[in-house]
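Pasted below: input-v4.cif, mmCIF, N, CA and C atoms and all ligand atoms.
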data_upload
#
loop_
_atom_site.label_atom_id
_atom_site.label_comp_id
_atom_site.auth_asym_id
_atom_site.auth_seq_id
_atom_site.Cartn_x
_atom_site.Cartn_y
_atom_site.Cartn_z
N MET A 1 -42.25 23.71 8.16
CA MET A 1 -42.57 24.24 6.84
C MET A 1 -43.87 23.60 6.35
N SER A 2 -44.73 24.39 5.80
CA SER A 2 -46.00 23.87 5.31
C SER A 2 -45.82 23.24 3.94
N ALA A 3 -46.61 22.25 3.67
CA ALA A 3 -46.54 21.55 2.40
C ALA A 3 -47.18 22.40 1.31
N THR A 4 -46.65 22.27 0.12
CA THR A 4 -47.27 22.93 -1.03
C THR A 4 -47.75 21.87 -2.01
N ALA A 5 -48.48 22.31 -2.97
CA ALA A 5 -49.00 21.37 -3.97
C ALA A 5 -47.89 20.73 -4.78
N LEU A 6 -46.74 21.39 -4.81
CA LEU A 6 -45.64 20.89 -5.63
C LEU A 6 -44.81 19.83 -4.92
N ASP A 7 -44.93 19.75 -3.61
CA ASP A 7 -44.02 18.91 -2.84
C ASP A 7 -43.95 17.47 -3.31
N SER A 8 -45.06 16.91 -3.68
CA SER A 8 -45.06 15.50 -4.03
C SER A 8 -44.66 15.26 -5.48
N GLN A 9 -44.54 16.33 -6.26
CA GLN A 9 -44.29 16.17 -7.69
C GLN A 9 -42.87 16.56 -8.10
N VAL A 10 -42.27 17.46 -7.35
CA VAL A 10 -41.01 18.04 -7.79
C VAL A 10 -39.85 17.39 -7.06
N ARG A 11 -38.87 16.98 -7.83
CA ARG A 11 -37.68 16.42 -7.20
C ARG A 11 -36.93 17.54 -6.49
N LYS A 12 -36.21 17.17 -5.48
CA LYS A 12 -35.40 18.15 -4.78
C LYS A 12 -34.00 18.15 -5.38
N LEU A 13 -33.38 19.29 -5.31
CA LEU A 13 -32.02 19.39 -5.83
C LEU A 13 -31.06 18.63 -4.94
N VAL A 14 -30.06 18.04 -5.55
CA VAL A 14 -29.06 17.29 -4.81
C VAL A 14 -27.68 17.87 -5.12
N LYS A 15 -26.68 17.38 -4.41
CA LYS A 15 -25.31 17.90 -4.58
C LYS A 15 -24.85 17.81 -6.03
N GLY A 16 -25.32 16.80 -6.74
CA GLY A 16 -24.89 16.61 -8.12
C GLY A 16 -25.51 17.59 -9.10
N ASP A 17 -26.52 18.33 -8.65
CA ASP A 17 -27.14 19.34 -9.51
C ASP A 17 -26.29 20.59 -9.49
N ARG A 18 -25.86 21.03 -10.65
CA ARG A 18 -24.90 22.14 -10.73
C ARG A 18 -25.46 23.32 -11.50
N CYS A 19 -25.05 24.51 -11.07
CA CYS A 19 -25.42 25.75 -11.74
C CYS A 19 -25.01 25.69 -13.20
N ASP A 20 -25.93 26.02 -14.10
CA ASP A 20 -25.62 26.02 -15.53
C ASP A 20 -24.67 27.14 -15.91
N SER A 21 -24.51 28.12 -15.04
CA SER A 21 -23.62 29.24 -15.36
C SER A 21 -22.20 29.03 -14.87
N CYS A 22 -22.04 28.47 -13.66
CA CYS A 22 -20.69 28.41 -13.09
C CYS A 22 -20.29 27.04 -12.56
N GLY A 23 -21.23 26.10 -12.47
CA GLY A 23 -20.88 24.78 -12.01
C GLY A 23 -20.91 24.60 -10.50
N ALA A 24 -21.29 25.66 -9.77
CA ALA A 24 -21.44 25.54 -8.32
C ALA A 24 -22.70 24.73 -8.00
N GLU A 25 -22.84 24.34 -6.75
CA GLU A 25 -24.04 23.59 -6.35
C GLU A 25 -25.28 24.42 -6.67
N ALA A 26 -26.27 23.79 -7.28
CA ALA A 26 -27.50 24.48 -7.67
C ALA A 26 -28.49 24.53 -6.51
N PHE A 27 -29.15 25.67 -6.37
CA PHE A 27 -30.18 25.83 -5.35
C PHE A 27 -31.53 26.25 -5.92
N VAL A 28 -31.54 26.63 -7.18
CA VAL A 28 -32.79 27.06 -7.80
C VAL A 28 -32.94 26.38 -9.15
N GLN A 29 -34.14 25.87 -9.40
CA GLN A 29 -34.46 25.34 -10.72
C GLN A 29 -35.54 26.22 -11.32
N ALA A 30 -35.32 26.70 -12.52
CA ALA A 30 -36.32 27.49 -13.24
C ALA A 30 -36.69 26.75 -14.51
N THR A 31 -37.98 26.74 -14.83
CA THR A 31 -38.45 26.08 -16.03
C THR A 31 -38.96 27.12 -17.01
N MET A 32 -38.42 27.08 -18.21
CA MET A 32 -38.83 28.03 -19.24
C MET A 32 -40.20 27.61 -19.80
N PRO A 33 -40.90 28.53 -20.46
CA PRO A 33 -42.20 28.18 -21.06
C PRO A 33 -42.13 26.98 -21.99
N SER A 34 -40.97 26.77 -22.61
CA SER A 34 -40.78 25.63 -23.51
C SER A 34 -40.65 24.31 -22.77
N GLY A 35 -40.47 24.41 -21.44
CA GLY A 35 -40.27 23.21 -20.64
C GLY A 35 -38.81 22.94 -20.33
N TYR A 36 -37.92 23.72 -20.92
CA TYR A 36 -36.48 23.57 -20.67
C TYR A 36 -36.17 23.99 -19.24
N GLU A 37 -35.41 23.16 -18.54
CA GLU A 37 -35.09 23.43 -17.15
C GLU A 37 -33.67 23.97 -17.02
N LEU A 38 -33.54 25.00 -16.20
CA LEU A 38 -32.25 25.61 -15.93
C LEU A 38 -31.97 25.52 -14.44
N LEU A 39 -30.70 25.30 -14.10
CA LEU A 39 -30.30 25.24 -12.69
C LEU A 39 -29.36 26.40 -12.39
N PHE A 40 -29.53 26.96 -11.21
CA PHE A 40 -28.69 28.10 -10.82
C PHE A 40 -28.24 27.97 -9.38
N CYS A 41 -27.04 28.48 -9.12
CA CYS A 41 -26.63 28.72 -7.74
C CYS A 41 -27.37 29.98 -7.28
N GLY A 42 -27.29 30.29 -6.02
CA GLY A 42 -27.98 31.47 -5.51
C GLY A 42 -27.54 32.74 -6.20
N HIS A 43 -26.24 32.85 -6.41
CA HIS A 43 -25.68 34.05 -7.03
C HIS A 43 -26.22 34.25 -8.45
N HIS A 44 -26.15 33.22 -9.26
CA HIS A 44 -26.55 33.37 -10.66
C HIS A 44 -28.06 33.45 -10.83
N PHE A 45 -28.83 32.84 -9.92
CA PHE A 45 -30.27 33.05 -10.01
C PHE A 45 -30.61 34.51 -9.75
N THR A 46 -30.01 35.06 -8.70
CA THR A 46 -30.26 36.47 -8.39
C THR A 46 -29.86 37.35 -9.56
N LYS A 47 -28.72 37.04 -10.15
CA LYS A 47 -28.20 37.84 -11.27
C LYS A 47 -29.13 37.77 -12.49
N ASN A 48 -29.77 36.61 -12.70
CA ASN A 48 -30.58 36.39 -13.91
C ASN A 48 -32.08 36.44 -13.67
N GLU A 49 -32.49 36.69 -12.43
CA GLU A 49 -33.91 36.56 -12.09
C GLU A 49 -34.81 37.47 -12.95
N ASP A 50 -34.39 38.71 -13.15
CA ASP A 50 -35.23 39.64 -13.92
C ASP A 50 -35.42 39.16 -15.36
N VAL A 51 -34.33 38.65 -15.95
CA VAL A 51 -34.41 38.17 -17.33
C VAL A 51 -35.30 36.93 -17.41
N LEU A 52 -35.11 36.04 -16.46
CA LEU A 52 -35.92 34.82 -16.45
C LEU A 52 -37.40 35.14 -16.31
N THR A 53 -37.70 36.05 -15.40
CA THR A 53 -39.10 36.44 -15.19
C THR A 53 -39.67 37.06 -16.45
N ALA A 54 -38.87 37.93 -17.11
CA ALA A 54 -39.32 38.60 -18.32
C ALA A 54 -39.60 37.59 -19.44
N GLN A 55 -38.88 36.47 -19.40
CA GLN A 55 -39.05 35.45 -20.44
C GLN A 55 -40.08 34.40 -20.06
N GLY A 56 -40.73 34.61 -18.92
CA GLY A 56 -41.84 33.72 -18.55
C GLY A 56 -41.43 32.47 -17.81
N ALA A 57 -40.21 32.45 -17.29
CA ALA A 57 -39.75 31.28 -16.55
C ALA A 57 -40.50 31.14 -15.24
N THR A 58 -40.67 29.89 -14.81
CA THR A 58 -41.29 29.60 -13.53
C THR A 58 -40.25 28.99 -12.61
N VAL A 59 -40.14 29.51 -11.41
CA VAL A 59 -39.22 28.92 -10.43
C VAL A 59 -39.90 27.67 -9.87
N THR A 60 -39.35 26.51 -10.20
CA THR A 60 -39.97 25.25 -9.79
C THR A 60 -39.35 24.70 -8.51
N ILE A 61 -38.11 25.06 -8.23
CA ILE A 61 -37.49 24.69 -6.96
C ILE A 61 -36.68 25.89 -6.48
N ASP A 62 -36.85 26.26 -5.24
CA ASP A 62 -36.05 27.34 -4.66
C ASP A 62 -35.59 26.88 -3.29
N GLU A 63 -34.35 26.46 -3.22
CA GLU A 63 -33.80 25.95 -1.96
C GLU A 63 -32.73 26.89 -1.43
N ARG A 64 -32.83 28.15 -1.78
CA ARG A 64 -31.82 29.12 -1.32
C ARG A 64 -31.82 29.25 0.19
N HIS A 65 -32.96 28.94 0.82
CA HIS A 65 -33.01 29.02 2.28
C HIS A 65 -32.09 27.99 2.94
N THR A 66 -31.62 27.01 2.16
CA THR A 66 -30.74 25.97 2.73
C THR A 66 -29.27 26.30 2.52
N ILE A 67 -28.97 27.38 1.80
CA ILE A 67 -27.57 27.67 1.46
C ILE A 67 -26.70 27.75 2.71
N ASN A 68 -27.16 28.45 3.71
CA ASN A 68 -26.35 28.61 4.92
C ASN A 68 -26.60 27.52 5.94
N ALA A 69 -27.50 26.61 5.64
CA ALA A 69 -27.80 25.52 6.56
C ALA A 69 -26.90 24.32 6.32
N LYS A 70 -26.30 24.26 5.13
CA LYS A 70 -25.43 23.13 4.81
C LYS A 70 -23.99 23.47 5.11
N PRO A 71 -23.25 22.56 5.69
CA PRO A 71 -21.84 22.82 5.92
C PRO A 71 -21.10 22.92 4.59
N SER A 72 -20.25 23.90 4.47
CA SER A 72 -19.50 24.07 3.25
C SER A 72 -18.20 23.30 3.33
N VAL A 73 -17.87 22.57 2.29
CA VAL A 73 -16.64 21.79 2.25
C VAL A 73 -15.44 22.70 2.41
N SER A 74 -15.51 23.88 1.81
CA SER A 74 -14.36 24.77 1.83
C SER A 74 -14.26 25.61 3.10
N ALA A 75 -15.30 25.57 3.92
CA ALA A 75 -15.32 26.43 5.11
C ALA A 75 -14.27 26.01 6.13
N ASN A 76 -13.90 24.75 6.12
CA ASN A 76 -13.00 24.26 7.15
C ASN A 76 -11.56 24.11 6.65
N THR A 77 -11.30 24.56 5.47
CA THR A 77 -9.95 24.46 4.94
C THR A 77 -9.28 25.82 4.93
N ASP A 78 -8.03 25.80 5.25
CA ASP A 78 -7.28 27.05 5.25
C ASP A 78 -6.37 27.12 4.03
ZN ZN A 101 -23.65 29.96 -10.59
#
Could the structure of this file be written out as C-alpha cells, please?
Ligand SMILES: [Zn+2]
Amino acid sequence: MSATALDSQVRKLVKGDRCDSCGAEAFVQATMPSGYELLFCGHHFTKNEDVLTAQGATVTIDERHTINAKPSVSANTD
C-alpha cells in the first residue's frame, strides 16, 4: 500500500473504537466541518454516506478493506 499524506498524522482505528450508531467495531472515521468526529462500522457508514457527504463531512479514516482480513470472534462459535 502506498503512503498518503495523512499516514503520519491520523491515528488508526483500534478494537476499542466503536460505531456511534450500533456499537460494533468501527472501521470508518468521518470528521464534520465543525471538527466533530464520528465513527462508523462498515454497515452504518454505507447507510449514512450520502448524508455525511451532503453535510460536508470528510472521511479521515477508512479501514473497511480490513473488515474481512480480521478474524471475527463470533465466526468460530456455534
Ligand atoms: Zn454500526
Next item on the list: For ligand ZN 101 (chain A), list the contacting residues at 7 Å or closer, counting all atoms listed in the file, as a PyMOL selection string.
Entry: chain A and resi 18-25+39-45
Margin query: If I take atom C of Asn68 in chain A and CA of Val14 in chain A, how far is one from the other in Å, to one decimal?
Written below: 15.0 Å
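Among the candidate residues A:Arg64, A:Gly56, A:Thr46, A:Ala69, the one lying nearest to Thr31 in chain A is A:Gly56, with distances computed using all atoms listed in the file.
CA of His65 in chain A sits 10.0 Å away from atom N of Phe27 in chain A.
The spacing separating atom C of Val59 in chain A from atom N of Leu38 in chain A amounts to 9.4 Å.
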Shell of 12 Å around Glu37 in chain A, only C-alpha atoms, local chain residues under 5 positions omitted, as a PDB file with N, CA and C atoms, keeping the file's coordinate frame:
ATOM      1  N   ASP A  17     -26.520  18.330  -8.650  1.00  0.00           N
ATOM      2  CA  ASP A  17     -27.140  19.340  -9.510  1.00  0.00           C
ATOM      3  C   ASP A  17     -26.290  20.590  -9.490  1.00  0.00           C
ATOM      4  N   CYS A  19     -25.050  24.510 -11.070  1.00  0.00           N
ATOM      5  CA  CYS A  19     -25.420  25.750 -11.740  1.00  0.00           C
ATOM      6  C   CYS A  19     -25.010  25.690 -13.200  1.00  0.00           C
ATOM      7  N   ASP A  20     -25.930  26.020 -14.100  1.00  0.00           N
ATOM      8  CA  ASP A  20     -25.620  26.020 -15.530  1.00  0.00           C
ATOM      9  C   ASP A  20     -24.670  27.140 -15.910  1.00  0.00           C
ATOM     10  N   VAL A  28     -31.540  26.630  -7.180  1.00  0.00           N
ATOM     11  CA  VAL A  28     -32.790  27.060  -7.800  1.00  0.00           C
ATOM     12  C   VAL A  28     -32.940  26.380  -9.150  1.00  0.00           C
ATOM     13  N   GLN A  29     -34.140  25.870  -9.400  1.00  0.00           N
ATOM     14  CA  GLN A  29     -34.460  25.340 -10.720  1.00  0.00           C
ATOM     15  C   GLN A  29     -35.540  26.220 -11.320  1.00  0.00           C
ATOM     16  N   ALA A  30     -35.320  26.700 -12.520  1.00  0.00           N
ATOM     17  CA  ALA A  30     -36.320  27.490 -13.240  1.00  0.00           C
ATOM     18  C   ALA A  30     -36.690  26.750 -14.510  1.00  0.00           C
ATOM     19  N   THR A  31     -37.980  26.740 -14.830  1.00  0.00           N
ATOM     20  CA  THR A  31     -38.450  26.080 -16.030  1.00  0.00           C
ATOM     21  C   THR A  31     -38.960  27.120 -17.010  1.00  0.00           C
ATOM     22  N   MET A  32     -38.420  27.080 -18.210  1.00  0.00           N
ATOM     23  CA  MET A  32     -38.830  28.030 -19.240  1.00  0.00           C
ATOM     24  C   MET A  32     -40.200  27.610 -19.800  1.00  0.00           C
ATOM     25  N   LEU A  52     -35.110  36.040 -16.460  1.00  0.00           N
ATOM     26  CA  LEU A  52     -35.920  34.820 -16.450  1.00  0.00           C
ATOM     27  C   LEU A  52     -37.400  35.140 -16.310  1.00  0.00           C
ATOM     28  N   ALA A  57     -40.210  32.450 -17.290  1.00  0.00           N
ATOM     29  CA  ALA A  57     -39.750  31.280 -16.550  1.00  0.00           C
ATOM     30  C   ALA A  57     -40.500  31.140 -15.240  1.00  0.00           C
ATOM     31  N   THR A  58     -40.670  29.890 -14.810  1.00  0.00           N
ATOM     32  CA  THR A  58     -41.290  29.600 -13.530  1.00  0.00           C
ATOM     33  C   THR A  58     -40.250  28.990 -12.610  1.00  0.00           C
ATOM     34  N   VAL A  59     -40.140  29.510 -11.410  1.00  0.00           N
ATOM     35  CA  VAL A  59     -39.220  28.920 -10.430  1.00  0.00           C
ATOM     36  C   VAL A  59     -39.900  27.670  -9.870  1.00  0.00           C
ATOM     37  N   THR A  60     -39.350  26.510 -10.200  1.00  0.00           N
ATOM     38  CA  THR A  60     -39.970  25.250  -9.790  1.00  0.00           C
ATOM     39  C   THR A  60     -39.350  24.700  -8.510  1.00  0.00           C
ATOM     40  N   ILE A  61     -38.110  25.060  -8.230  1.00  0.00           N
ATOM     41  CA  ILE A  61     -37.490  24.690  -6.960  1.00  0.00           C
ATOM     42  C   ILE A  61     -36.680  25.890  -6.480  1.00  0.00           C
TER      43      ILE A  61
END
